[in-house]
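Structure first, commentary second.
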Amino acid sequence: MTITWTNGYQTEVNYTYGYYRDLSPNYQRFCLLLNGVDCPSSSETHQHCELGFGQGVSINIHAASNEGTFWGTDFNPAHAAHANQVAEHSQTEHYFYDDSFEELLNKPDLPMFDSISLHGIWSWISYENQLIILKFIRKYLKPSGIVYISYNCVTGWAANMPIRELFHSHFKFNSKSTNPIQKVKDALDFSESLLAQNPLFVKRHPHALSKVGELKNQNPNYLIHEYLNQDWQCFSFQQVVRLLEEIKLTYAGSSDLNTHLDNINFSQEHQDFLNAIEHPIFKEQCRDYFASTQFRRDLFIRGKNSLTALQTQERLRNTAFILLSSPEFLPHDITGYLGTFNLIEEIYHPIGQHFLKHEYQPQTIRELELALPQLNYAQILNALVILSHLGFAQPCQSITPSEKVTVQCQQLNHYLIQQANFHQNYQALISPLTGIGIPTEHFHQLFYRAHFIDGLTTAHEFAQYVQQVLNQLNWYVLDADKNTISDQAQSLAIIEKKAAEFLAADKLTIARQLRLFA
């Protein structure tokens with residue numbers, strides 16, 4: 001029996017308000033399709049579950065924008081309360097609890113789930129809770145059901161695990177403050193000062209000091225939940241595979257689209273070496289050594305049925321994508337493990353122009369092939385995968401979403417942009433077309449509010465509106481050198497430039513195609 005309900009998990013401060021697309025059922029299905037794995041299409045009868053949903057931002061976005069019903073738990077009651085409060089604004093059917101995993105396992109009348117997702121928590125919970133989660137999945141996951149699980153990976157963490165131990169030990173035993181945020185600062189300062197003495201550990205691990213520097217730039221709330229729990233573990237890929245195979249799950253691929261971009265990540269020699277490995281699990285394990293993988297995002301399925309290459313192509317050809325920015329603002333290069341590579345203009349320019357010509361309406365790969373005969377299927381697919389990986393495109397779940405889903409999304413979007421007048425916690429909006437959160441920075445949320453709620457249209461009007469919000473919050477803009485700007489005229493000029501870029505990127509036209517607002 002545990003001593004307290006926290007069970008060693010940090011609850012002194014609340015978790016951050018991050019959004020994670022990997023938890024989206026539509027995004028998961030797309031990633032499985034890229035790996036040639038069959039899974040059911042979305043349905044209003046589907047049931048989805050998220051274990052450890054934090055502040056509930058992701059589960060609310062997905063509950064509003066995907067067919068089906070969403071269930072979940074986070075045993076921190078403040079997190080569960082926030083998740084339920086947000087859900088009231090979309091008016092989705094939802095079941096968000098503050099149960100422990102054991103309480104959820106034993107809850108009567110739970111449905112069988114089409115997907116069960118857990119982001120990161122596998123590395124932060126006790127062995128006993130891991131066993132409970134395995135029992136939960138075995139009991140409640142349907143045949144053909146999907147499991148998304150992410151975790152710290154030992155290949156990328158091996159050298160830095162002692163840094164975490166030093167950081168955690170000072171936080172737990174040596175800090176004189178009772179304020180958890182100050183305790184984080186003290187622990188990092190001590191760790192930095194110890195390593196600055198150049199002990200033998202640093203001589204053998206020269207990157208240790210820079211790792212502490214990276215941690216000092218992180219949100220302290222994030223660090224408390226990510227690094228300072230009583231339980232903190234790293235796993236190899238094959239360890240997780242072995243555990244999940246025991247409950248009838250088969251590895252089906254990664255939700256990290258970077259895993260499809262070997263040409264920018266591995267030399268030809270490395271690719272040849274990996275491709276010579278016959279066993280797929282061992283090959284994937286070896287891949288982590290070449291990539292020094294620090295965090296894995298894996299998809300498993302209960303009953304893996306593979307598609308043929310032609311079946312996979314046919315389904316991908318019929319998958320629609322939507323562009324999230326005007327062609328002018330699309331990236332010109334991409335960075336992989338091997339360095340930075342130019343994106344081929346002869347491929348990306350015509351694709352971008354085709355979306356522009358059709359006012360950013362969703363386009364299938366088949367439609368792009370017909371409209372752009374100079375490009376073949378493989379080139380178009382690769383370009384769209386890269387744009388999706390970089391956050392400039394998304395696969396659609398439907399180009400004709402139901403009225404119910406559309407209304408849910410728009411109601412929640414209105415709430416989110418209203419909240420932008422008070423804080424910048426939320427960094428995404430919701431599209432019923434994609435079922436995936438649309439990354440949206442704070443200023444852009446205020447621009448949307450200025451236009452779609454207050455009817456403003458020009459960059460100058462947008463700037464004046466945002467400046468009023470900043471004045472009320474007593475916030476200041478930063479210039480290009482990250483200096484705080486207190487002069488109102490200079491501040492307005494900076495904001496107006498941002499607003500002009502926002503309009504030039506066709507964000508309002510794209511928002512209408514995404515059906516973000518009524």
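How things are named: the first chain in the structure tokens is A, the next is B, and so on; residues count from 1 in each chain; ligands count from 1 in the order shown.
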
Which residues are near range 247-249 of chain A? Cut-off 7 Å, only C-alpha atoms, ignore same chain within fewer than 3 positions. Put them as a PDB file with C-alpha atoms, in the first residue's frame.
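Just written: out-v8.pdb:
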```pdb
ATOM      1  CA  ARG A 138      -4.548  -6.176 -21.766  1.00  0.00           C
ATOM      2  CA  LEU A 244       4.166  -5.274 -24.658  1.00  0.00           C
ATOM      3  CA  PHE A 300       1.966  -0.777 -31.084  1.00  0.00           C
ATOM      4  CA  ILE A 301      -1.133  -2.600 -32.308  1.00  0.00           C
ATOM      5  CA  ARG A 302      -3.091  -5.552 -30.995  1.00  0.00           C
ATOM      6  CA  GLY A 303      -3.139  -7.775 -34.053  1.00  0.00           C
TER       7      GLY A 303
END
```

Mind dumping a table of every range 341-441 of chain A residue within 12 Å of range 468-476 of chain A, with the nearest atom pair and its distance in Å to one decimal, using only C-alpha atoms, sorted by chain and rising number, as CSV?
```
residue,atom,partner,partner_atom,distance
A:Gln418,CA,A:Val469,CA,11.2
A:Gln419,CA,A:Val469,CA,11.2
A:Ala420,CA,A:Val469,CA,8.9
A:Asn421,CA,A:Val469,CA,6.0
A:Phe422,CA,A:Leu473,CA,7.0
A:His423,CA,A:Leu473,CA,8.3
A:Gln424,CA,A:Leu473,CA,10.9
```

Could you please determine the separation between CA of Thr364 in chain A and CA of Ser306 in chain A in Å, to one decimal place?
22.5 Å

So, with only C-alpha atoms as the atoms that count, which of A:Leu433, A:Val241, A:Ala518, A:Ile386 lies closest to Phe341 in chain A?
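Answer, going by the shortest atom-to-atom distance: A:Ile386.
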
Non-local contacts of Gln238 in chain A (9 Å; only C-alpha atoms; under 5 positions in same chain excluded) as a ChimeraX atom specification
/A:243,281-282,284-285

Within 12 Å of Leu34 in chain A, counting only C-alpha atoms, which residues show up once you throw out same-chain ones fewer than 2 positions away? Write them as an MDAnalysis selection string, please.
chainID A and resid 27:32 36:39 252:260 306:309 311:317 319 381:382 384:385 395

Return the single residue from A:Ile417, A:Gln513, A:Ile146, A:Gly120 that is closest to Pro362 in chain A, with distances computed using only C-alpha atoms.
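Answer, going by the shortest atom-to-atom distance: A:Gln513.
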